[in-house]
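Next comes upload-v6.cif, with mmCIF, C-alpha atoms.
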```
data_coords
#
loop_
_atom_site.label_atom_id
_atom_site.label_comp_id
_atom_site.auth_asym_id
_atom_site.auth_seq_id
_atom_site.Cartn_x
_atom_site.Cartn_y
_atom_site.Cartn_z
CA MET A 15 122.52 94.49 72.42
CA GLY A 16 122.13 98.20 73.03
CA ARG A 17 120.33 99.85 75.89
CA GLU A 18 117.11 100.21 73.95
CA ALA A 19 117.00 96.49 73.27
CA GLN A 20 117.90 95.77 76.90
CA SER A 21 115.12 98.08 78.07
CA GLU A 22 112.66 96.41 75.77
CA ALA A 23 113.67 93.00 77.18
CA ILE A 24 113.22 94.26 80.76
CA ARG A 25 109.75 95.58 79.94
CA GLU A 26 108.82 92.26 78.34
CA ALA A 27 110.20 90.30 81.29
CA THR A 28 108.17 92.41 83.73
CA ALA A 29 105.03 91.86 81.67
CA ALA A 30 105.69 88.11 81.56
CA MET A 31 106.27 88.06 85.32
CA ALA A 32 103.06 90.00 85.90
CA ASP A 33 101.11 87.50 83.76
CA ARG A 34 102.66 84.61 85.65
CA MET A 35 101.84 86.12 89.04
CA ALA A 36 98.25 86.64 87.90
CA ALA A 37 98.06 83.03 86.69
CA GLU A 38 99.61 81.60 89.89
CA LYS A 39 97.80 83.91 92.29
CA SER A 40 95.53 81.20 93.73
CA PHE A 41 98.24 78.56 93.89
CA LEU A 42 100.68 80.88 95.71
CA THR A 43 97.95 81.91 98.11
CA ASP A 44 97.11 78.23 98.73
CA LEU A 45 100.76 77.55 99.58
CA ASP A 46 100.76 80.58 101.87
CA SER A 47 97.51 79.64 103.58
CA ALA A 48 99.04 76.30 104.60
CA ILE A 49 101.98 77.89 106.46
CA GLY A 50 101.58 81.67 106.35
CA ASP A 51 99.02 84.46 106.20
CA ALA A 52 97.39 83.52 102.89
CA ASP A 53 98.24 86.70 101.04
CA HIS A 54 101.32 85.93 98.94
CA GLY A 55 99.52 85.32 95.63
CA ALA A 56 97.32 88.39 95.90
CA ASN A 57 100.23 90.52 97.11
CA MET A 58 102.57 89.50 94.28
CA ASN A 59 99.82 89.98 91.71
CA ARG A 60 99.00 93.45 93.01
CA GLY A 61 102.68 94.39 93.15
CA PHE A 62 103.43 93.33 89.59
CA GLN A 63 100.32 95.01 88.20
CA ALA A 64 101.49 98.22 89.89
CA ALA A 65 104.99 97.69 88.47
CA LEU A 66 103.59 97.39 84.93
CA ALA A 67 101.62 100.60 85.35
CA ARG A 68 104.67 102.48 86.64
CA LEU A 69 106.87 101.23 83.83
CA GLU A 70 104.68 103.01 81.30
CA ASP A 71 106.11 106.36 82.39
CA ALA A 72 109.66 105.19 83.11
CA ASP A 73 112.67 106.09 80.97
CA ASP A 74 114.21 103.42 78.76
CA ASP A 75 117.26 102.72 80.83
CA PRO A 76 117.87 99.23 82.31
CA ALA A 77 118.79 100.37 85.83
CA THR A 78 115.89 102.85 85.96
CA LEU A 79 113.38 100.26 84.79
CA VAL A 80 114.48 97.63 87.33
CA LYS A 81 114.48 100.23 90.09
CA THR A 82 110.98 101.33 89.10
CA VAL A 83 109.73 97.75 89.43
CA GLY A 84 111.38 97.58 92.87
CA VAL A 85 109.78 100.81 94.07
CA ALA A 86 106.36 99.60 92.91
CA LEU A 87 106.73 96.29 94.77
CA VAL A 88 107.90 98.02 97.95
CA SER A 89 104.95 100.40 97.94
CA GLU A 90 102.19 98.06 96.81
CA VAL A 91 102.82 94.54 98.09
CA GLY A 92 102.06 95.06 101.79
CA GLY A 93 103.69 91.82 103.00
CA ALA A 94 107.28 90.78 103.58
CA ALA A 95 107.62 90.15 99.84
CA GLY A 96 107.50 93.95 99.30
CA PRO A 97 110.76 94.85 101.04
CA LEU A 98 112.39 91.54 100.09
CA TYR A 99 111.68 91.55 96.35
CA GLY A 100 111.25 95.30 95.89
CA GLY A 101 113.98 96.58 98.18
CA SER A 102 116.45 94.08 96.73
CA LEU A 103 115.63 95.02 93.13
CA MET A 104 116.05 98.69 94.03
CA LYS A 105 119.48 98.06 95.49
CA ALA A 106 120.70 95.60 92.87
CA SER A 107 119.53 97.86 90.01
CA GLY A 108 122.58 100.01 90.73
CA GLU A 109 124.74 97.25 89.20
CA LEU A 110 123.03 97.77 85.82
CA GLU A 111 123.90 101.43 85.45
CA GLU A 112 126.36 100.66 82.67
CA GLY A 113 123.86 98.35 81.01
CA VAL A 114 123.23 94.61 81.13
CA THR A 115 126.30 92.50 80.41
CA ALA A 116 127.34 89.03 81.52
CA GLU A 117 129.51 90.69 84.14
CA SER A 118 126.93 93.20 85.38
CA SER A 119 124.22 90.54 85.52
CA VAL A 120 126.39 88.45 87.86
CA ALA A 121 126.97 91.52 90.04
CA PHE A 122 123.22 92.24 89.96
CA ALA A 123 122.35 88.68 91.02
CA GLU A 124 124.87 88.68 93.86
CA ARG A 125 123.74 92.05 95.15
CA TYR A 126 120.13 90.91 95.01
CA LEU A 127 120.92 87.79 97.08
CA GLU A 128 122.96 89.76 99.62
CA THR A 129 120.20 92.29 100.09
CA VAL A 130 117.52 89.64 100.59
CA GLU A 131 119.70 87.88 103.18
CA GLU A 132 120.45 91.10 105.04
CA ARG A 133 116.90 92.41 105.01
CA GLY A 134 115.27 89.11 105.91
CA LYS A 135 118.12 87.92 108.15
CA ALA A 136 117.57 84.48 106.63
CA SER A 137 120.08 81.84 105.53
CA VAL A 138 119.89 78.71 103.44
CA GLY A 139 117.80 76.11 105.24
CA ASP A 140 115.40 78.54 106.92
CA LYS A 141 112.63 77.60 104.45
CA THR A 142 112.42 80.96 102.70
CA MET A 143 113.02 82.44 99.26
CA VAL A 144 116.74 82.39 100.12
CA ASP A 145 116.63 78.61 99.52
CA ALA A 146 115.73 79.25 95.87
CA ILE A 147 117.80 82.40 95.27
CA THR A 148 121.09 81.14 96.72
CA PRO A 149 121.57 78.08 94.48
CA ALA A 150 120.33 80.07 91.49
CA VAL A 151 122.81 82.90 92.00
CA HIS A 152 125.74 80.64 92.83
CA THR A 153 125.00 78.47 89.80
CA TYR A 154 124.68 81.49 87.52
CA ARG A 155 127.98 82.93 88.65
CA LYS A 156 129.84 79.64 88.35
CA ALA A 157 128.37 78.94 84.91
CA ILE A 158 129.60 82.28 83.60
CA GLU A 159 132.86 82.81 85.46
CA VAL A 160 134.15 79.26 85.77
CA ASP A 161 132.46 77.16 83.11
CA ASP A 162 132.49 79.86 80.44
CA HIS A 163 128.84 79.43 79.51
CA ASP A 164 126.92 82.19 77.79
CA PRO A 165 124.38 84.08 79.93
CA LEU A 166 121.38 82.28 78.47
CA GLU A 167 122.77 78.84 79.25
CA ALA A 168 123.84 80.09 82.69
CA LEU A 169 120.35 81.39 83.37
CA GLY A 170 118.87 78.05 82.35
CA LYS A 171 121.09 76.29 84.87
CA ALA A 172 120.14 78.88 87.49
CA VAL A 173 116.45 78.12 86.94
CA ASP A 174 117.12 74.40 87.42
CA ALA A 175 119.04 75.17 90.61
CA ALA A 176 116.16 77.32 91.91
CA GLU A 177 113.76 74.48 91.18
CA ARG A 178 115.83 72.11 93.31
CA GLY A 179 115.93 74.81 95.99
CA VAL A 180 112.14 75.02 96.03
CA ALA A 181 111.87 71.24 96.39
CA PHE A 182 114.35 71.45 99.28
CA THR A 183 111.98 73.78 101.20
CA THR A 184 109.22 71.16 101.48
CA PRO A 185 110.68 68.70 104.00
CA ILE A 186 112.38 71.25 106.27
CA ARG A 187 111.12 73.22 109.24
CA ALA A 188 110.75 76.99 108.87
CA LYS A 189 113.09 79.13 110.94
CA LYS A 190 112.23 82.51 109.45
CA GLY A 191 109.08 84.19 108.23
CA ARG A 192 105.50 83.63 109.24
CA ALA A 193 105.80 79.86 108.82
CA SER A 194 108.34 79.75 111.67
CA TYR A 195 105.48 80.35 114.12
CA LEU A 196 104.13 76.94 113.14
CA GLY A 197 107.28 75.08 114.14
CA TRP A 198 107.13 71.45 113.08
CA ARG A 199 103.75 71.97 111.42
CA SER A 200 105.58 73.84 108.64
CA VAL A 201 107.27 70.58 107.59
CA GLY A 202 105.88 69.04 104.42
CA HIS A 203 104.79 72.33 102.84
CA GLN A 204 106.53 74.07 99.95
CA ASP A 205 107.62 77.63 100.69
CA PRO A 206 105.57 80.28 98.84
CA GLY A 207 108.38 82.86 98.53
CA ALA A 208 110.81 80.30 97.12
CA THR A 209 108.09 79.23 94.70
CA SER A 210 107.35 82.75 93.43
CA THR A 211 111.11 83.29 93.05
CA LEU A 212 111.28 80.23 90.78
CA TYR A 213 108.31 81.41 88.69
CA LEU A 214 109.87 84.84 88.18
CA LEU A 215 113.18 83.27 87.15
CA GLU A 216 111.37 80.99 84.70
CA GLU A 217 109.74 84.00 83.07
CA LEU A 218 113.06 85.86 82.97
CA PHE A 219 114.59 82.85 81.23
CA ALA A 220 111.74 82.60 78.71
CA VAL A 221 112.13 86.27 77.75
CA ALA A 222 115.92 85.97 77.68
CA GLU A 223 115.55 83.03 75.26
CA GLU A 224 113.72 85.31 72.85
CA HIS A 225 116.31 88.06 73.10
CA LEU A 226 119.59 86.17 73.38
CA ASP A 227 120.65 83.56 70.89
CA GLY A 228 123.90 82.69 72.55
CA ASP A 229 126.24 84.95 70.60
CA VAL A 230 125.70 88.18 72.51
CA GLU A 231 126.93 89.63 75.78
CA ILE A 232 129.53 86.98 76.52
CA ASP A 233 132.28 89.23 75.19
CA ALA A 234 131.69 91.47 78.20
CA GLU A 235 132.79 88.77 80.59
CA ALA A 236 135.15 89.85 83.36
CA ASP A 237 138.35 88.28 82.17
CA VAL A 238 137.98 89.15 78.50
CA ASP A 239 139.40 92.49 77.47
CA PRO A 240 136.93 94.04 75.06
CA GLU A 241 139.76 95.94 73.35
CA GLU A 242 141.16 92.67 72.12
CA LEU A 243 137.92 91.88 70.38
CA GLY A 244 138.22 95.09 68.44
CA GLU A 245 134.78 96.29 69.47
CA PRO A 246 133.28 98.20 72.39
CA ALA A 247 131.96 96.20 75.35
CA VAL A 248 128.31 95.32 75.10
CA GLY A 249 126.26 97.90 76.95
CA GLY A 250 128.98 100.47 76.46
CA ASP A 251 127.13 102.16 73.63
CA VAL A 252 125.54 104.60 76.00
CA ASP A 253 122.64 106.42 74.45
CA GLU A 254 121.06 108.57 77.12
CA SER A 255 118.72 110.13 74.59
CA ALA A 256 117.00 106.77 74.11
CA ASN A 257 113.70 107.69 75.65
CA SER A 258 111.42 106.34 72.98
CA ASP A 259 108.78 104.42 74.83
CA GLY A 260 108.98 101.25 72.79
CA GLY A 261 105.20 101.00 72.82
CA SER A 262 105.10 97.76 74.81
CA MET B 279 111.34 114.79 123.49
CA VAL B 280 112.17 111.47 121.81
CA GLY B 281 109.21 110.35 119.71
CA ILE B 282 107.79 106.84 119.54
CA VAL B 283 106.38 105.05 116.49
CA VAL B 284 104.24 101.94 116.85
CA VAL B 285 104.15 99.83 113.66
CA SER B 286 101.69 96.95 113.46
CA HIS B 287 100.15 94.88 110.69
CA SER B 288 96.81 96.24 111.88
CA GLU B 289 96.00 99.94 112.17
CA ARG B 290 93.58 99.20 114.99
CA ALA B 291 96.22 97.21 116.89
CA ALA B 292 98.70 100.08 116.50
CA GLU B 293 96.16 102.58 117.76
CA GLY B 294 95.15 100.33 120.66
CA ILE B 295 98.77 99.94 121.71
CA ARG B 296 99.23 103.70 121.58
CA GLU B 297 96.13 104.10 123.72
CA ILE B 298 97.50 101.77 126.39
CA ALA B 299 101.00 103.31 126.29
CA ARG B 300 99.56 106.79 126.69
CA GLU B 301 98.00 105.83 130.01
CA MET B 302 101.49 105.63 131.49
CA GLY B 303 103.41 108.09 129.35
CA GLY B 304 100.81 110.79 128.88
CA ASP B 305 103.04 113.46 127.39
CA ALA B 306 105.02 111.18 125.11
CA ARG B 307 104.73 111.82 121.40
CA ILE B 308 103.46 108.53 119.95
CA GLU B 309 102.54 107.87 116.32
CA ALA B 310 100.56 104.73 115.47
CA VAL B 311 100.82 103.30 111.97
CA GLY B 312 99.53 100.03 110.62
CA GLY B 313 97.89 98.15 107.78
CA THR B 314 98.41 98.81 104.09
CA GLU B 315 97.41 102.03 102.37
CA ASP B 316 94.26 100.36 101.04
CA GLY B 317 93.21 99.11 104.46
CA ARG B 318 94.42 95.51 104.44
CA ILE B 319 96.50 93.75 107.09
CA GLY B 320 100.17 94.39 106.35
CA THR B 321 102.70 97.22 106.30
CA THR B 322 104.24 99.51 103.69
CA PRO B 323 107.23 101.83 104.17
CA GLY B 324 105.60 105.07 102.95
CA PRO B 325 103.25 105.63 105.91
CA ILE B 326 105.93 104.44 108.37
CA ARG B 327 108.28 107.09 107.06
CA GLU B 328 105.60 109.75 107.49
CA ALA B 329 104.98 108.58 111.06
CA VAL B 330 108.72 108.67 111.82
CA GLU B 331 108.94 112.23 110.53
CA ALA B 332 105.84 113.28 112.48
CA ALA B 333 107.11 111.69 115.71
CA ASP B 334 110.49 113.38 115.30
CA GLY B 335 108.84 116.79 115.27
CA ASN B 336 111.56 118.57 117.22
CA GLY B 337 114.52 116.58 115.90
CA GLU B 338 115.37 114.70 119.09
CA GLY B 339 114.95 111.33 117.40
CA VAL B 340 112.52 108.43 117.49
CA VAL B 341 112.28 104.87 118.73
CA VAL B 342 110.29 102.41 116.63
CA LEU B 343 108.30 99.46 117.97
CA VAL B 344 107.33 96.76 115.48
CA ASP B 345 105.26 93.59 115.49
CA LEU B 346 106.07 90.85 112.91
CA GLY B 347 108.20 90.15 109.81
CA SER B 348 107.26 92.75 107.23
CA ALA B 349 106.80 95.43 109.92
CA VAL B 350 110.46 95.01 110.86
CA MET B 351 111.66 95.10 107.25
CA ASN B 352 109.43 97.98 106.16
CA ALA B 353 110.38 100.00 109.25
CA GLU B 354 114.06 99.49 108.34
CA LEU B 355 113.38 100.57 104.74
CA ALA B 356 111.44 103.63 105.89
CA LEU B 357 114.25 104.64 108.25
CA GLU B 358 116.82 104.26 105.46
CA GLU B 359 114.68 106.46 103.24
CA ALA B 360 114.35 109.01 106.03
CA ALA B 361 118.17 108.87 106.43
CA VAL B 362 117.98 107.78 110.08
CA ASP B 363 121.15 105.79 110.62
CA GLU B 364 120.99 105.36 114.38
CA GLU B 365 119.71 102.05 115.77
CA VAL B 366 116.15 103.01 116.58
CA VAL B 367 114.10 99.83 116.05
CA ALA B 368 113.60 98.24 119.47
CA ASP B 369 114.00 94.47 119.69
CA ALA B 370 111.04 94.23 122.07
CA PRO B 371 107.47 92.99 122.38
CA ILE B 372 105.43 95.75 120.78
CA LEU B 373 102.92 96.48 123.54
CA GLU B 374 105.13 96.25 126.61
CA GLY B 375 107.97 97.89 124.69
CA ALA B 376 105.78 100.82 123.71
CA LEU B 377 104.66 101.26 127.28
CA ASN B 378 108.23 101.22 128.63
CA ALA B 379 109.35 103.58 125.87
CA ALA B 380 106.53 106.03 126.58
CA VAL B 381 107.52 106.21 130.24
CA ALA B 382 111.23 106.57 129.39
CA ALA B 383 110.58 109.27 126.80
CA THR B 384 108.94 111.52 129.37
CA ALA B 385 112.04 111.46 131.61
CA PRO B 386 114.07 114.67 131.54
CA ASN B 387 117.06 114.44 129.15
CA ALA B 388 115.85 111.13 127.69
CA THR B 389 117.93 109.97 124.71
CA VAL B 390 117.04 107.70 121.82
CA GLU B 391 119.37 105.05 123.19
CA ALA B 392 117.85 105.22 126.68
CA VAL B 393 114.31 104.99 125.32
CA ARG B 394 115.18 102.07 123.03
CA GLU B 395 116.90 100.24 125.88
CA ALA B 396 113.89 100.81 128.13
CA ALA B 397 111.70 99.29 125.43
CA GLU B 398 114.05 96.34 125.04
CA GLU B 399 113.97 95.62 128.77
CA ALA B 400 110.40 94.48 128.19
CA ALA B 401 111.78 91.50 126.25
CA GLY B 402 113.03 89.86 129.44
CA VAL B 403 110.01 90.46 131.66
CA SER B 404 108.23 87.36 132.90
CA LYS B 405 104.50 87.67 133.37
CA LEU B 406 103.93 84.75 135.69
#
```

Please re-express this file's structure in structure tokens.
Amino acid sequence: MGREAQSEAIREATAAMADRMAAEKSFLTDLDSAIGDADHGANMNRGFQAALARLEDADDDPATLVKTVGVALVSEVGGAAGPLYGGSLMKASGELEEGVTAESSVAFAERYLETVEERGKASVGDKTMVDAITPAVHTYRKAIEVDDHDPLEALGKAVDAAERGVAFTTPIRAKKGRASYLGWRSVGHQDPGATSTLYLLEELFAVAEEHLDGDVEIDAEADVDPEELGEPAVGGDVDESANSDGGS
Amino acid sequence: MVGIVVVSHSERAAEGIREIAREMGGDARIEAVGGTEDGRIGTTPGPIREAVEAADGNGEGVVVLVDLGSAVMNAELALEEAAVDEEVVADAPILEGALNAAVAATAPNATVEAVREAAEEAAGVSKL
């Protein structure tokens, strides 16, 4: 999968995420009005619409595209989701500079999680998006590095883990974020940020399913030497001149 | 003089806090920034960065007062973008902290650290 195909997949994933945020706008805002400031759905929708618009002029390079989405979210969201989603995408995009491989996607996911934790100063159990991201990232890494799954299967397991993480947010008391001001009254409500994280991962998985059929990318895994396979590592076919806009 | 930036979810709250702080620290350079760029409740890093740069007019540094959640995170992002690596966000209640900071900033030879610490002293003050 060359950089052009990777870029096309990232554009499609962003469009799918934007559609999902538009579709879930009211539901996310309902969740947020129970325990927050009732703006999460509208904020995420606005942010992803802005991201789509900015992608139209962005170069076809995976890291650049992901960074562009991050910058749009940071500037347009207006709530805590801006720095958390946007700032973390901006930082983690640096891991994709050599393209998207099994290895770089694990590094991307880990960097994303680290940045969210640092910026939000939240840990697992605080009833935040960290409760969805942490199991997803840990599951993804283990599936690839330990269980030798291909990235698509690993991503599927990560989505399932995020779903369990979202369910885990309902019975617990919020310790971070706006919901923490409610104390015990936050118990019994599902966390909006964890929920939007799950939706975005589901869309990423759906687009990945269309682009990966299980026989790509895995040869770039950390402990496999691409030389032995007699072919260059996936993502290594750098083509900086690939600026054709793809038309999506 | 060390500048002061007040970051709130509401532009009117930020301006009101500046108004109160100015009563005590008349000469202090205070920038008020709040709300999103399209006038909603919230914060975004762009305008915070501009306020930081405006408050740091003569290069002696700034201290930033913030209200809730996204104000803290967006202030940190704005400071990273502005390449400010000193600890300048005060862990203090925004109104009392701004007032303390304004007074401290007008002292001769005030430093960023001294102004931030003055703001943070407001965290321990009991009202009753």

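For region 92-108 of chain A, the residues within 7 Å (counting all atoms listed in the file, excluding itself and residues fewer than 3 positions away along the chain) are Asn57, Ala77, Val80, Lys81, Gly84, Val85, Leu87, Val88, Glu111, Phe122, Arg125, Tyr126, Thr129, Val130, Arg133 and Gly134 of chain A; Thr314, Gly320, Thr321, Thr322, Gly347, Ser348, Met351 and Asn352 of chain B.
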
Separation of CA of Asp205 (chain A) from CA of Gly139 (chain A) in Å: 11.3 Å

Chain B near chain A within 12 Å: what's each residue's closest atom pair and its distance in Å to one decimal, counting only C-alpha atoms, ordered by chain then ascending residue number, as a Markdown table?
```
| residue | atom | partner | partner_atom | distance |
| --- | --- | --- | --- | --- |
| B:Ser286 | CA | A:Gly93 | CA | 11.8 |
| B:His287 | CA | A:Gly93 | CA | 9.0 |
| B:Ser288 | CA | A:Gly92 | CA | 11.4 |
| B:Gly312 | CA | A:Gly92 | CA | 10.4 |
| B:Gly313 | CA | A:Gly92 | CA | 7.9 |
| B:Thr314 | CA | A:Gly92 | CA | 5.7 |
| B:Glu315 | CA | A:Glu90 | CA | 8.3 |
| B:Asp316 | CA | A:Glu90 | CA | 9.3 |
| B:Gly317 | CA | A:Gly92 | CA | 10.1 |
| B:Arg318 | CA | A:Gly92 | CA | 8.1 |
| B:Ile319 | CA | A:Gly92 | CA | 7.8 |
| B:Gly320 | CA | A:Gly92 | CA | 5.0 |
| B:Thr321 | CA | A:Gly92 | CA | 5.0 |
| B:Thr322 | CA | A:Gly92 | CA | 5.3 |
| B:Pro323 | CA | A:Ser89 | CA | 6.8 |
| B:Gly324 | CA | A:Ser89 | CA | 6.9 |
| B:Pro325 | CA | A:Ser89 | CA | 9.7 |
| B:Ile326 | CA | A:Ser89 | CA | 11.2 |
| B:Arg327 | CA | A:Ser89 | CA | 11.8 |
| B:Asp345 | CA | A:Arg192 | CA | 11.8 |
| B:Leu346 | CA | A:Arg192 | CA | 8.1 |
| B:Gly347 | CA | A:Gly191 | CA | 6.2 |
| B:Ser348 | CA | A:Ala94 | CA | 4.1 |
| B:Ala349 | CA | A:Ala94 | CA | 7.9 |
| B:Val350 | CA | A:Ala94 | CA | 9.0 |
| B:Met351 | CA | A:Pro97 | CA | 6.3 |
| B:Asn352 | CA | A:Pro97 | CA | 6.1 |
| B:Ala353 | CA | A:Pro97 | CA | 9.7 |
| B:Glu354 | CA | A:Arg133 | CA | 8.3 |
| B:Leu355 | CA | A:Pro97 | CA | 7.3 |
| B:Ala356 | CA | A:Pro97 | CA | 10.1 |
| B:Glu358 | CA | A:Gly101 | CA | 11.0 |
| B:Glu359 | CA | A:Gly101 | CA | 11.1 |
```

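Take the candidates A:Ser40, A:Thr28, A:Thr82, A:Thr115 and check each one against Phe219 (chain A) using all atoms listed in the file; the shortest distance goes to A:Thr28.
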
Residues matched by the PyMOL selection byres ((chain B and resi 334) around 10), written as a PyMOL selection string: chain B and resi 279-283+307-309+328-333+335-341

Interatomic distance (Å, one decimal) between CA of Thr184 (chain A) and CA of Gly170 (chain A): 22.5 Å

Point-to-point distance in Å for CA of Val367 (chain B) and CA of Arg290 (chain B): 20.6 Å

Result set of the PyMOL selection byres ((chain B and resi 394) around 7) on the coordinates above, as a list in words: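 On this input, the PyMOL selection byres ((chain B and resi 394) around 7) captures Val341, Val366, Ala368, Ala379, Val390, Glu391, Ala392, Val393, Glu395, Ala396, Ala397 and Glu398 of chain B.
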
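Running the PyMOL selection byres ((chain A and resi 152-168) around 7) on this file leaves Ala116, Val120, Thr148, Pro149, Ala150, Val151, Leu169, Gly170, Lys171, Ala172, Ala175, Ala222, Glu223, Leu226, Gly228 and Ile232 of chain A selected.
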
Ala37 (chain A) environment, 12 Å, all atoms listed in the file, sequence neighbours closer than 2 positions dropped, as a ChimeraX atom specification: /A:30-35,39-43,55-56,58-59,62,210,213

Of the listed residues A:Ala176, A:Ile24, A:Ala67, A:Leu212, that which approaches Val114 (chain A) most closely, counting all atoms listed in the file: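 Looking at the shortest contact to Val114 (chain A), the residue is A:Ile24.
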
Repair of region 81-94 of chain A at the level of N, CA and C atoms, as a compact mmCIF listing (two decimals), in the coordinates of the input:
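So the final result, stored in rebuild-v4.txt, reads:
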```
# COMPACT_ATOMS: atom_id res chain seq x y z
N LYS A 81 114.74 99.50 88.85
CA LYS A 81 114.48 100.23 90.09
C LYS A 81 113.00 100.59 90.21
N THR A 82 112.41 100.97 89.10
CA THR A 82 110.98 101.33 89.10
C THR A 82 110.12 100.14 89.53
N VAL A 83 110.47 98.96 89.02
CA VAL A 83 109.73 97.75 89.43
C VAL A 83 109.90 97.55 90.94
N GLY A 84 111.12 97.74 91.44
CA GLY A 84 111.38 97.58 92.87
C GLY A 84 110.56 98.54 93.71
N VAL A 85 110.53 99.80 93.31
CA VAL A 85 109.78 100.81 94.07
C VAL A 85 108.30 100.44 94.10
N ALA A 86 107.79 99.97 92.97
CA ALA A 86 106.36 99.60 92.91
C ALA A 86 106.08 98.44 93.87
N LEU A 87 106.96 97.45 93.89
CA LEU A 87 106.73 96.29 94.77
C LEU A 87 106.80 96.71 96.24
N VAL A 88 107.77 97.56 96.57
CA VAL A 88 107.90 98.02 97.95
C VAL A 88 106.64 98.75 98.40
N SER A 89 106.10 99.58 97.53
CA SER A 89 104.95 100.40 97.94
C SER A 89 103.63 99.65 97.91
N GLU A 90 103.52 98.64 97.04
CA GLU A 90 102.19 98.06 96.81
C GLU A 90 101.96 96.68 97.39
N VAL A 91 103.03 95.94 97.70
CA VAL A 91 102.82 94.54 98.09
C VAL A 91 102.18 94.40 99.47
N GLY A 92 102.71 95.08 100.47
CA GLY A 92 102.06 95.06 101.79
C GLY A 92 102.50 93.92 102.70
N GLY A 93 103.16 92.90 102.17
CA GLY A 93 103.69 91.82 103.00
C GLY A 93 105.20 91.85 102.97
N ALA A 94 105.82 90.82 103.53
CA ALA A 94 107.28 90.78 103.58
C ALA A 94 107.88 90.72 102.18
```
